[in-house]
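*Asks:* Got a structure for you, written out below as structure tokens; questions coming shortly.
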Amino acid sequence: MKPAPFEYCRPSTVDEALEALGSSESSRVLAGGQSLIPAMNFRLTDVSLLVDINRVEGLDAVTCDSGGVTVGAAATQTRVLEDDGAASVVPGLRAALRHVGHLQIRDRGTVCGSLAHADPAAELPAVAVATGAAIDVTGPAGERRIDAADFFHGPFWTALEDGDLITEVRFPAPPPRSVTIVDEICRRAGDFAVAGLVAVIEVDAGAVRSARLVGFGLGGVPTRLQAAEAAIGGWAADHPVVTLTEAVMADTTDAFDDIHAPNWYRGEAVAALTVRAALRALATEEEV
Amino acid sequence: MTIIEPISEANVEVTVNGRPHRHRVPARLLLSDYIRDTVGLTGTHLGCEHGYCGACTVMVNGDAVRSCLMLAVQADGAEVRTVEDLAPAGSDALSPMQQAFHDNHALQCGFCTAGFLMTLESVDPAEWRDPERLVELLSGNLCRCTGYQNIVAAVTEAWNAYDGSGGSDDG
């Protein structure tokens with residue numbers, strides 16, 4: 001399988017990249033290419049111009065401070081995975097990236113590219129929603145900052161317009177005394193998950209104080225488990241599991257129902273992941 | 001090199017296994033096809049050509065990458081290593097990892113082997129040591145013959161040989 005013919009350019013500044021993106025109707029940004037090139041090899045996507053941003057100055061930066069981690073558009077997943085500073089400020093990044101593809105994919109694939117691709121079963125969009133990330137976009141309409149909660153519109157569909165380029169994403173640090181857990185049910189290591197969960201859980205004195213729970217692989221966009229977030233406050237290890245599982249089941253009634261898993265299975269899987277995450281968060285507090 | 005005006009063909013300069021190459025290639029040419037058809041090194045095998053099987057894994061600037069998911073034009077200025085570069089030049093000897101694969105029957109048809117070898121070559125040998133880490137490392141390469149047991153055995157033997165030779169600084 002080979003891609004159909006297309007034109008290619010490799011700008012060195014963001015302005016050049018934007019001009020190129022605007023010069024053709026079906027232009028696409030080429031970052032890691034780990035989803036785009038397969039789609040082109042399969043001829044599932046029609047691309048007339050690829051704008052390779054890998055040599056745009058400054059786009060591959062990863063910067064950390066106590067408030068969060070900023071990842072540039074061309075920074076690879078391996079680069080972020082191996083960054084000890086990023087892992088300590090936003091633990092969900094390393095936890096999620098361990099599940100993303102394989103070594104060879106992460107060596108090329110980018111964090112921002114995964115957000116722009118918006119695969120419903122991908123981990124990083126759920127991390128973005130769970131941590132309240134902000135996505136910086138520049139394009140024909142100028143620069144803007146989009147909250148992760150508003151960014152994902154549907155499967156492979158985001159707030160990005162034609163000619164837009166993500167320049168960077170900012171993942172804020174989770175609250176102090178919180179534990180971030182990324183867990184998933186997956187048939188083969190490295191594959192997309194049947195269902196998964198990103199949980200940012202605040203614990204206090206042996207009980208869950210509050211949590212941000214975001215499922216993936218459940219629907220077209222990362223799924224906030226709002227009933228479960230309400231039910232988990234005050235939950236402790238000796239509390240009945242059913243209060244959590246029933247809430248998750250209520251949150252996932254619309255979950256995907258397909259050849260990989262029926263809808264109820266995905267709900268039960270995420271319910272189990274939620275209980276597991278809460279228990280792990282509580283056990284982590286005891287260790288500290 | 002910057003390319004501002006969209007092009008459908010470009011000149012690339014790629015170092016493959018230490019030898020510089022210069023070619024004019026179509027933008028659509030995949031790195032995998034460049035290595036096999038343009039440079040003429042057919043040790044890199046193409047299985048699925050959509051990034052699933054790992055057979056076409058090569059090293060680009062030291063990183064393991066799937067050469068079917070990268071364009072040849074993107075490798076302009078890069079150093080590429082393929083399986084042909086593993087064995088010492090000018091002798092019949094194999095690299096220690098290749099020899100361990102041979103000794104442990106870690107291949108049957110051999111189609112996937114180059115990809116496994118390049119994945120293993122790209123990481124710090126300390127990563128061969130931990131069985132759990134090793135399974136994760138090898139998860140990006142599919143083998144339909146061996147069931148992986150003999151591949152893991154080969155890597156373990158290669159690690160023991162490497163470790164015993166004083167190659168490790170921390171193990």
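By convention in this document, the chains of the structure tokens carry letters A, B, ... by their order, each chain's residues are numbered from 1, and ligands are numbered from 1 in the order they are shown.
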Can you work out which residues from chain A touch chain B at a cut-off of 10 Å (counting only C-alpha atoms) and hand them back as a ChimeraX atom specification?
*Replies:* /A:1-13,16-17,19-20,23-24,32-42,48-52,54-56,78,98-99,101-109,188-191
*Asks:* Need the shell around Gly40 of chain B: protein/DNA/RNA residues with any atom at most 12 Å away, counting only C-alpha atoms. Skip same-chain ones fewer than 6 positions apart. Format as a list in words?
*Replies:*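 Using only C-alpha atoms, the neighbours found are Val16, His21, Ser32, Asp33, Tyr34, Thr82 and Glu84 of chain B.
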*Asks:* As a ChimeraX atom specification, please: every residue in segment 44-169 of chain B that a backbone DSSP assignment puts in helix (DSSP H, G or I).
*Replies:* /B:67-69,72-75,83-85,96-103,113-122,125-128,131-138,149-164
*Asks:* Take the selection from the previous step and output its residues with C-alpha atoms, as a PDB file, in the first residue's frame.
*Replies:*
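File produced: selection_25.pdb:
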```
ATOM      1  CA  SER B  67       9.905   2.799   7.825  1.00  0.00           C
ATOM      2  CA  CYS B  68       6.493   2.321   6.166  1.00  0.00           C
ATOM      3  CA  LEU B  69       5.135   5.239   8.229  1.00  0.00           C
ATOM      4  CA  ALA B  72      11.815   9.208   2.249  1.00  0.00           C
ATOM      5  CA  VAL B  73      11.863  13.024   2.007  1.00  0.00           C
ATOM      6  CA  GLN B  74      11.540  13.177   5.797  1.00  0.00           C
ATOM      7  CA  ALA B  75      14.799  11.240   6.130  1.00  0.00           C
ATOM      8  CA  VAL B  83      19.731  -4.961   9.494  1.00  0.00           C
ATOM      9  CA  GLU B  84      22.563  -5.171   6.948  1.00  0.00           C
ATOM     10  CA  ASP B  85      24.671  -3.064   9.315  1.00  0.00           C
ATOM     11  CA  PRO B  96      25.827 -11.266  19.241  1.00  0.00           C
ATOM     12  CA  MET B  97      22.057 -10.750  19.054  1.00  0.00           C
ATOM     13  CA  GLN B  98      21.850 -12.317  15.587  1.00  0.00           C
ATOM     14  CA  GLN B  99      23.893 -15.262  16.845  1.00  0.00           C
ATOM     15  CA  ALA B 100      21.611 -15.636  19.867  1.00  0.00           C
ATOM     16  CA  PHE B 101      18.565 -15.658  17.545  1.00  0.00           C
ATOM     17  CA  HIS B 102      20.263 -18.351  15.483  1.00  0.00           C
ATOM     18  CA  ASP B 103      21.258 -20.464  18.483  1.00  0.00           C
ATOM     19  CA  THR B 113      13.466 -10.976  12.209  1.00  0.00           C
ATOM     20  CA  ALA B 114      15.054  -7.828  10.838  1.00  0.00           C
ATOM     21  CA  GLY B 115      12.392  -5.752  12.587  1.00  0.00           C
ATOM     22  CA  PHE B 116      12.987  -7.482  15.915  1.00  0.00           C
ATOM     23  CA  LEU B 117      16.738  -7.044  15.604  1.00  0.00           C
ATOM     24  CA  MET B 118      16.496  -3.337  14.816  1.00  0.00           C
ATOM     25  CA  THR B 119      14.058  -2.698  17.672  1.00  0.00           C
ATOM     26  CA  LEU B 120      16.442  -4.444  20.088  1.00  0.00           C
ATOM     27  CA  GLU B 121      19.453  -2.641  18.625  1.00  0.00           C
ATOM     28  CA  SER B 122      17.832   0.769  19.182  1.00  0.00           C
ATOM     29  CA  PRO B 125      20.955  -3.239  26.332  1.00  0.00           C
ATOM     30  CA  ALA B 126      19.860  -2.870  29.967  1.00  0.00           C
ATOM     31  CA  GLU B 127      16.321  -2.968  28.574  1.00  0.00           C
ATOM     32  CA  TRP B 128      16.892  -6.568  27.456  1.00  0.00           C
ATOM     33  CA  PRO B 131      11.414  -9.776  31.250  1.00  0.00           C
ATOM     34  CA  GLU B 132       8.388  -7.536  31.718  1.00  0.00           C
ATOM     35  CA  ARG B 133      10.049  -4.592  30.017  1.00  0.00           C
ATOM     36  CA  LEU B 134      11.271  -6.886  27.258  1.00  0.00           C
ATOM     37  CA  VAL B 135       7.768  -8.134  26.456  1.00  0.00           C
ATOM     38  CA  GLU B 136       6.604  -4.515  26.258  1.00  0.00           C
ATOM     39  CA  LEU B 137       9.564  -3.655  24.036  1.00  0.00           C
ATOM     40  CA  LEU B 138       8.841  -6.538  21.657  1.00  0.00           C
ATOM     41  CA  GLN B 149       9.239 -17.802  23.567  1.00  0.00           C
ATOM     42  CA  ASN B 150      12.430 -18.434  21.660  1.00  0.00           C
ATOM     43  CA  ILE B 151      12.839 -14.754  20.844  1.00  0.00           C
ATOM     44  CA  VAL B 152      12.697 -13.922  24.553  1.00  0.00           C
ATOM     45  CA  ALA B 153      15.154 -16.775  25.203  1.00  0.00           C
ATOM     46  CA  ALA B 154      17.529 -15.385  22.585  1.00  0.00           C
ATOM     47  CA  VAL B 155      17.417 -11.888  24.029  1.00  0.00           C
ATOM     48  CA  THR B 156      17.980 -13.251  27.525  1.00  0.00           C
ATOM     49  CA  GLU B 157      21.016 -15.145  26.278  1.00  0.00           C
ATOM     50  CA  ALA B 158      22.296 -12.063  24.482  1.00  0.00           C
ATOM     51  CA  TRP B 159      21.842 -10.035  27.680  1.00  0.00           C
ATOM     52  CA  ASN B 160      23.717 -12.628  29.749  1.00  0.00           C
ATOM     53  CA  ALA B 161      26.575 -12.599  27.246  1.00  0.00           C
ATOM     54  CA  TYR B 162      26.607  -8.803  27.195  1.00  0.00           C
ATOM     55  CA  ASP B 163      26.407  -8.541  30.974  1.00  0.00           C
ATOM     56  CA  GLY B 164      29.103 -11.222  31.466  1.00  0.00           C
TER      57      GLY B 164
END
```
*Asks:* Quick one: everything within 12 Å of Glu123 of chain A, counting only C-alpha atoms, minus sequence neighbours fewer than 5 positions away in the same chain. Send it as a ChimeraX atom specification.
*Replies:* /A:77,92-101,111,114-115,117-118,128-130,181-186,190-199,214-218,221-223
*Asks:* I need the chosen residues saved as a CSV table (one decimal), in the first residue's frame, with N, CA and C atoms.
*Replies:*
```
chain,number,residue,atom,x,y,z
A,77,GLN,N,6.1,11.6,21.4
A,77,GLN,CA,5.6,10.9,22.5
A,77,GLN,C,6.7,10.3,23.4
A,92,GLY,N,0.0,11.9,34.8
A,92,GLY,CA,-0.9,11.3,33.8
A,92,GLY,C,-0.3,11.2,32.4
A,93,LEU,N,0.7,12.0,32.1
A,93,LEU,CA,1.3,12.0,30.8
A,93,LEU,C,2.1,10.7,30.6
A,94,ARG,N,3.0,10.4,31.6
A,94,ARG,CA,3.8,9.2,31.5
A,94,ARG,C,2.9,8.0,31.6
A,95,ALA,N,2.0,8.0,32.5
A,95,ALA,CA,1.1,6.9,32.7
A,95,ALA,C,0.3,6.6,31.4
A,96,ALA,N,-0.1,7.6,30.7
A,96,ALA,CA,-0.9,7.4,29.5
A,96,ALA,C,0.0,7.0,28.3
A,97,LEU,N,1.2,7.6,28.2
A,97,LEU,CA,2.0,7.3,27.1
A,97,LEU,C,2.5,5.9,27.1
A,98,ARG,N,2.6,5.3,28.3
A,98,ARG,CA,3.0,3.9,28.3
A,98,ARG,C,2.0,3.0,27.5
A,99,HIS,N,0.8,3.5,27.4
A,99,HIS,CA,-0.2,2.7,26.7
A,99,HIS,C,-0.3,3.1,25.2
A,100,VAL,N,0.4,4.1,24.8
A,100,VAL,CA,0.2,4.6,23.4
A,100,VAL,C,1.1,3.9,22.5
A,101,GLY,N,0.5,3.2,21.6
A,101,GLY,CA,1.2,2.5,20.5
A,101,GLY,C,2.3,1.6,21.0
A,111,VAL,N,2.5,14.2,20.7
A,111,VAL,CA,1.4,14.4,21.7
A,111,VAL,C,0.3,15.2,21.0
A,114,SER,N,-1.8,13.5,18.3
A,114,SER,CA,-2.8,12.6,18.9
A,114,SER,C,-4.0,13.3,19.2
A,115,LEU,N,-3.9,14.6,19.8
A,115,LEU,CA,-5.0,15.4,20.1
A,115,LEU,C,-5.8,15.8,18.8
A,117,HIS,N,-5.7,14.3,15.9
A,117,HIS,CA,-6.3,13.1,15.3
A,117,HIS,C,-7.6,12.8,16.0
A,118,ALA,N,-7.7,12.8,17.3
A,118,ALA,CA,-8.9,12.6,18.1
A,118,ALA,C,-9.5,11.3,17.8
A,128,ALA,N,-6.0,15.0,28.4
A,128,ALA,CA,-6.2,16.4,28.2
A,128,ALA,C,-7.5,16.9,28.8
A,129,VAL,N,-8.6,16.1,28.7
A,129,VAL,CA,-9.8,16.5,29.3
A,129,VAL,C,-9.8,16.4,30.8
A,130,ALA,N,-9.1,15.3,31.3
A,130,ALA,CA,-9.1,15.0,32.8
A,130,ALA,C,-8.2,16.1,33.5
A,181,ILE,N,-4.3,8.1,37.6
A,181,ILE,CA,-4.2,6.7,37.2
A,181,ILE,C,-4.8,6.6,35.8
A,182,VAL,N,-4.0,6.0,34.9
A,182,VAL,CA,-4.5,5.7,33.5
A,182,VAL,C,-4.5,4.2,33.4
A,183,ASP,N,-5.7,3.6,33.1
A,183,ASP,CA,-5.8,2.2,33.1
A,183,ASP,C,-6.8,1.8,31.9
A,184,GLU,N,-6.6,0.7,31.3
A,184,GLU,CA,-7.4,0.3,30.2
A,184,GLU,C,-7.6,-1.2,30.0
A,185,ILE,N,-8.6,-1.6,29.4
A,185,ILE,CA,-8.8,-3.0,29.0
A,185,ILE,C,-8.5,-3.1,27.5
A,186,CYS,N,-7.5,-3.9,27.2
A,186,CYS,CA,-7.0,-3.9,25.9
A,186,CYS,C,-6.7,-5.4,25.5
A,190,GLY,N,-0.5,-2.3,23.6
A,190,GLY,CA,-0.2,-1.3,22.5
A,190,GLY,C,-1.3,-1.0,21.6
A,191,ASP,N,-2.3,-1.9,21.6
A,191,ASP,CA,-3.4,-1.6,20.7
A,191,ASP,C,-4.3,-0.6,21.3
A,192,PHE,N,-5.3,-0.1,20.5
A,192,PHE,CA,-6.3,0.8,21.1
A,192,PHE,C,-7.1,0.0,22.1
A,193,ALA,N,-7.5,0.7,23.1
A,193,ALA,CA,-8.3,0.1,24.2
A,193,ALA,C,-9.7,-0.2,23.8
A,194,VAL,N,-10.3,-1.3,24.3
A,194,VAL,CA,-11.7,-1.5,24.2
A,194,VAL,C,-12.4,-0.4,25.1
A,195,ALA,N,-11.9,-0.2,26.2
A,195,ALA,CA,-12.4,0.9,27.1
A,195,ALA,C,-11.2,1.3,28.1
A,196,GLY,N,-11.2,2.5,28.5
A,196,GLY,CA,-10.1,3.0,29.4
A,196,GLY,C,-10.6,4.1,30.2
A,197,LEU,N,-9.8,4.4,31.2
A,197,LEU,CA,-10.1,5.5,32.2
A,197,LEU,C,-8.9,6.3,32.6
A,198,VAL,N,-9.1,7.6,32.6
A,198,VAL,CA,-8.1,8.5,33.2
A,198,VAL,C,-8.7,9.0,34.5
A,199,ALA,N,-8.1,8.8,35.6
A,199,ALA,CA,-8.7,9.2,36.9
A,199,ALA,C,-7.7,10.1,37.6
A,214,VAL,N,-12.5,10.4,33.5
A,214,VAL,CA,-12.7,10.5,32.1
A,214,VAL,C,-12.5,9.2,31.4
A,215,GLY,N,-13.5,8.7,30.8
A,215,GLY,CA,-13.4,7.4,30.0
A,215,GLY,C,-13.0,7.6,28.6
A,216,PHE,N,-12.3,6.6,28.0
A,216,PHE,CA,-12.1,6.7,26.6
A,216,PHE,C,-12.4,5.4,25.9
A,217,GLY,N,-12.6,5.4,24.6
A,217,GLY,CA,-13.1,4.2,23.9
A,217,GLY,C,-14.6,3.9,24.2
A,218,LEU,N,-15.3,4.9,24.8
A,218,LEU,CA,-16.7,4.7,25.1
A,218,LEU,C,-17.6,5.3,24.1
A,221,VAL,N,-16.1,11.0,21.9
A,221,VAL,CA,-15.2,12.0,22.5
A,221,VAL,C,-14.9,11.4,23.9
A,222,PRO,N,-13.8,12.0,24.5
A,222,PRO,CA,-13.5,11.6,25.9
A,222,PRO,C,-14.8,11.8,26.8
A,223,THR,N,-15.1,10.8,27.6
A,223,THR,CA,-16.4,10.9,28.3
A,223,THR,C,-16.2,11.2,29.8
```
*Asks:* With only C-alpha atoms as the counted atoms, please give the residues lying no more than 8 Å from Arg22 of chain B, apart from itself and same-chain residues fewer than 2 positions off, as a PyMOL selection string.
*Replies:* chain B and resi 11-14+20+24
*Asks:* Pick out the closest residue to Gly47 of chain B from this set: B:Cys112, B:Ala93, B:Asn17, B:Ala106. Count only C-alpha atoms.
*Replies:* B:Cys112
*Asks:* Residues at most 10 Å from segment 271-285 of chain A, counting only C-alpha atoms, excluding those fewer than 2 positions away in the same chain, as a ChimeraX atom specification?
*Replies:* /A:177-185,195-208,211,213-215,225,228,232,235-238,241-249,251-252,265-269,287-288
*Asks:* Keeping only N, CA and C atoms, write those residues as a short mmCIF file (atom, residue, chain, number, x, y, z; two decimals), in the first residue's frame.
*Replies:*
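What ended up in out.cif:
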```
data_model
loop_
_atom_site.label_atom_id
_atom_site.label_comp_id
_atom_site.auth_asym_id
_atom_site.auth_seq_id
_atom_site.Cartn_x
_atom_site.Cartn_y
_atom_site.Cartn_z
N ARG A 177 -1.78 16.31 46.49
CA ARG A 177 -2.39 15.16 47.18
C ARG A 177 -3.34 14.40 46.28
N SER A 178 -3.20 14.56 44.98
CA SER A 178 -4.03 13.75 44.09
C SER A 178 -3.17 12.65 43.46
N VAL A 179 -3.85 11.60 43.03
CA VAL A 179 -3.19 10.48 42.37
C VAL A 179 -3.80 10.36 40.98
N THR A 180 -2.94 10.28 39.95
CA THR A 180 -3.46 10.13 38.59
C THR A 180 -3.24 8.69 38.12
N ILE A 181 -4.30 8.09 37.64
CA ILE A 181 -4.22 6.70 37.20
C ILE A 181 -4.77 6.60 35.78
N VAL A 182 -4.01 5.95 34.90
CA VAL A 182 -4.49 5.68 33.54
C VAL A 182 -4.51 4.17 33.38
N ASP A 183 -5.67 3.64 33.11
CA ASP A 183 -5.81 2.18 33.06
C ASP A 183 -6.76 1.84 31.90
N GLU A 184 -6.59 0.67 31.32
CA GLU A 184 -7.44 0.33 30.20
C GLU A 184 -7.58 -1.18 30.03
N ILE A 185 -8.63 -1.56 29.35
CA ILE A 185 -8.85 -2.95 28.98
C ILE A 185 -8.50 -3.06 27.50
N ALA A 195 -11.86 -0.16 26.24
CA ALA A 195 -12.36 0.89 27.12
C ALA A 195 -11.24 1.26 28.08
N GLY A 196 -11.21 2.52 28.48
CA GLY A 196 -10.15 2.96 29.38
C GLY A 196 -10.60 4.11 30.25
N LEU A 197 -9.75 4.44 31.20
CA LEU A 197 -10.11 5.46 32.19
C LEU A 197 -8.89 6.29 32.56
N VAL A 198 -9.07 7.60 32.59
CA VAL A 198 -8.09 8.48 33.21
C VAL A 198 -8.74 9.04 34.47
N ALA A 199 -8.13 8.79 35.61
CA ALA A 199 -8.71 9.23 36.89
C ALA A 199 -7.72 10.11 37.63
N VAL A 200 -8.15 11.31 37.99
CA VAL A 200 -7.35 12.18 38.85
C VAL A 200 -8.10 12.23 40.18
N ILE A 201 -7.56 11.54 41.17
CA ILE A 201 -8.30 11.29 42.41
C ILE A 201 -7.61 11.98 43.57
N GLU A 202 -8.36 12.85 44.27
CA GLU A 202 -7.84 13.48 45.48
C GLU A 202 -8.25 12.65 46.67
N VAL A 203 -7.28 12.29 47.49
CA VAL A 203 -7.58 11.48 48.66
C VAL A 203 -7.24 12.26 49.92
N ASP A 204 -7.98 11.97 50.98
CA ASP A 204 -7.75 12.67 52.24
C ASP A 204 -8.22 11.77 53.38
N ALA A 205 -7.33 11.45 54.27
CA ALA A 205 -7.66 10.69 55.48
C ALA A 205 -8.41 9.40 55.15
N GLY A 206 -7.88 8.64 54.22
CA GLY A 206 -8.43 7.31 53.95
C GLY A 206 -9.68 7.28 53.12
N ALA A 207 -10.09 8.43 52.60
CA ALA A 207 -11.28 8.45 51.75
C ALA A 207 -11.02 9.30 50.52
N VAL A 208 -11.80 9.07 49.48
CA VAL A 208 -11.69 9.90 48.28
C VAL A 208 -12.38 11.23 48.58
N ALA A 211 -12.86 13.49 42.58
CA ALA A 211 -12.12 12.89 41.46
C ALA A 211 -12.63 13.44 40.14
N LEU A 213 -13.03 11.94 36.52
CA LEU A 213 -13.02 10.62 35.88
C LEU A 213 -13.40 10.78 34.41
N VAL A 214 -12.49 10.40 33.51
CA VAL A 214 -12.74 10.54 32.07
C VAL A 214 -12.49 9.20 31.39
N GLY A 215 -13.52 8.67 30.77
CA GLY A 215 -13.39 7.41 30.05
C GLY A 215 -12.99 7.65 28.60
N LEU A 225 -17.32 11.07 33.39
CA LEU A 225 -18.23 10.19 34.11
C LEU A 225 -18.81 11.00 35.28
N ALA A 228 -20.47 9.19 38.32
CA ALA A 228 -19.43 8.55 39.12
C ALA A 228 -18.62 9.58 39.90
N ILE A 232 -18.31 9.29 43.94
CA ILE A 232 -17.03 8.83 44.50
C ILE A 232 -16.59 9.67 45.71
N TRP A 235 -15.92 8.18 49.24
CA TRP A 235 -15.84 6.71 49.14
C TRP A 235 -14.53 6.23 49.78
N ALA A 236 -14.61 5.13 50.51
CA ALA A 236 -13.42 4.54 51.13
C ALA A 236 -13.39 3.05 50.81
N ALA A 237 -12.25 2.44 51.08
CA ALA A 237 -12.02 1.06 50.64
C ALA A 237 -13.04 0.08 51.23
N ASP A 238 -13.61 0.40 52.42
CA ASP A 238 -14.58 -0.53 53.01
C ASP A 238 -16.01 -0.17 52.64
N VAL A 241 -18.83 -1.43 46.76
CA VAL A 241 -18.36 -1.17 45.40
C VAL A 241 -19.54 -0.74 44.51
N VAL A 242 -20.72 -1.21 44.86
CA VAL A 242 -21.87 -1.02 43.98
C VAL A 242 -22.23 0.47 43.81
N THR A 243 -21.92 1.28 44.80
CA THR A 243 -22.23 2.72 44.63
C THR A 243 -21.44 3.31 43.47
N LEU A 244 -20.21 2.82 43.29
CA LEU A 244 -19.41 3.32 42.18
C LEU A 244 -19.83 2.67 40.86
N THR A 245 -20.01 1.37 40.88
CA THR A 245 -20.28 0.67 39.61
C THR A 245 -21.62 1.11 39.03
N GLU A 246 -22.64 1.29 39.89
CA GLU A 246 -23.94 1.73 39.36
C GLU A 246 -23.84 3.12 38.74
N ALA A 247 -23.05 3.98 39.38
CA ALA A 247 -22.89 5.33 38.83
C ALA A 247 -22.20 5.28 37.48
N VAL A 248 -21.15 4.45 37.37
CA VAL A 248 -20.44 4.35 36.08
C VAL A 248 -21.38 3.77 35.02
N MET A 249 -22.16 2.77 35.39
CA MET A 249 -23.09 2.19 34.41
C MET A 249 -24.08 3.24 33.92
N ASP A 251 -23.45 6.37 33.69
CA ASP A 251 -22.69 7.30 32.84
C ASP A 251 -22.43 6.72 31.45
N THR A 252 -22.50 5.40 31.31
CA THR A 252 -22.03 4.76 30.07
C THR A 252 -23.15 4.07 29.30
N TYR A 265 -20.60 -4.31 28.20
CA TYR A 265 -19.25 -4.76 28.57
C TYR A 265 -18.35 -3.55 28.81
N ARG A 266 -18.48 -2.57 27.90
CA ARG A 266 -17.64 -1.38 28.08
C ARG A 266 -17.96 -0.69 29.40
N GLY A 267 -19.28 -0.62 29.72
CA GLY A 267 -19.68 0.00 31.00
C GLY A 267 -19.10 -0.76 32.18
N GLU A 268 -19.23 -2.08 32.14
CA GLU A 268 -18.71 -2.87 33.27
C GLU A 268 -17.19 -2.78 33.35
N ALA A 269 -16.54 -2.72 32.18
CA ALA A 269 -15.08 -2.61 32.18
C ALA A 269 -14.66 -1.30 32.85
N GLU A 287 0.71 4.65 51.61
CA GLU A 287 2.16 4.50 51.50
C GLU A 287 2.89 5.80 51.82
N VAL A 288 2.26 6.92 51.50
CA VAL A 288 2.95 8.22 51.60
C VAL A 288 3.08 8.68 53.04
#
```
*Asks:* Select, from B:His23, B:His45, B:Arg144, B:Arg36, the residue with the minimum atom-to-atom distance to Leu107 of chain B, counting only C-alpha atoms.
*Replies:*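 Closest residue, counting only C-alpha atoms: B:Arg144.
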*Asks:* To test your reading of the structure, identify every residue in segment 3-135 of chain B that backbone DSSP assigns to strand (DSSP E), and report it as a ChimeraX atom specification.
*Replies:* /B:3-7,9-16,19-26,57-60,63-66,79-81
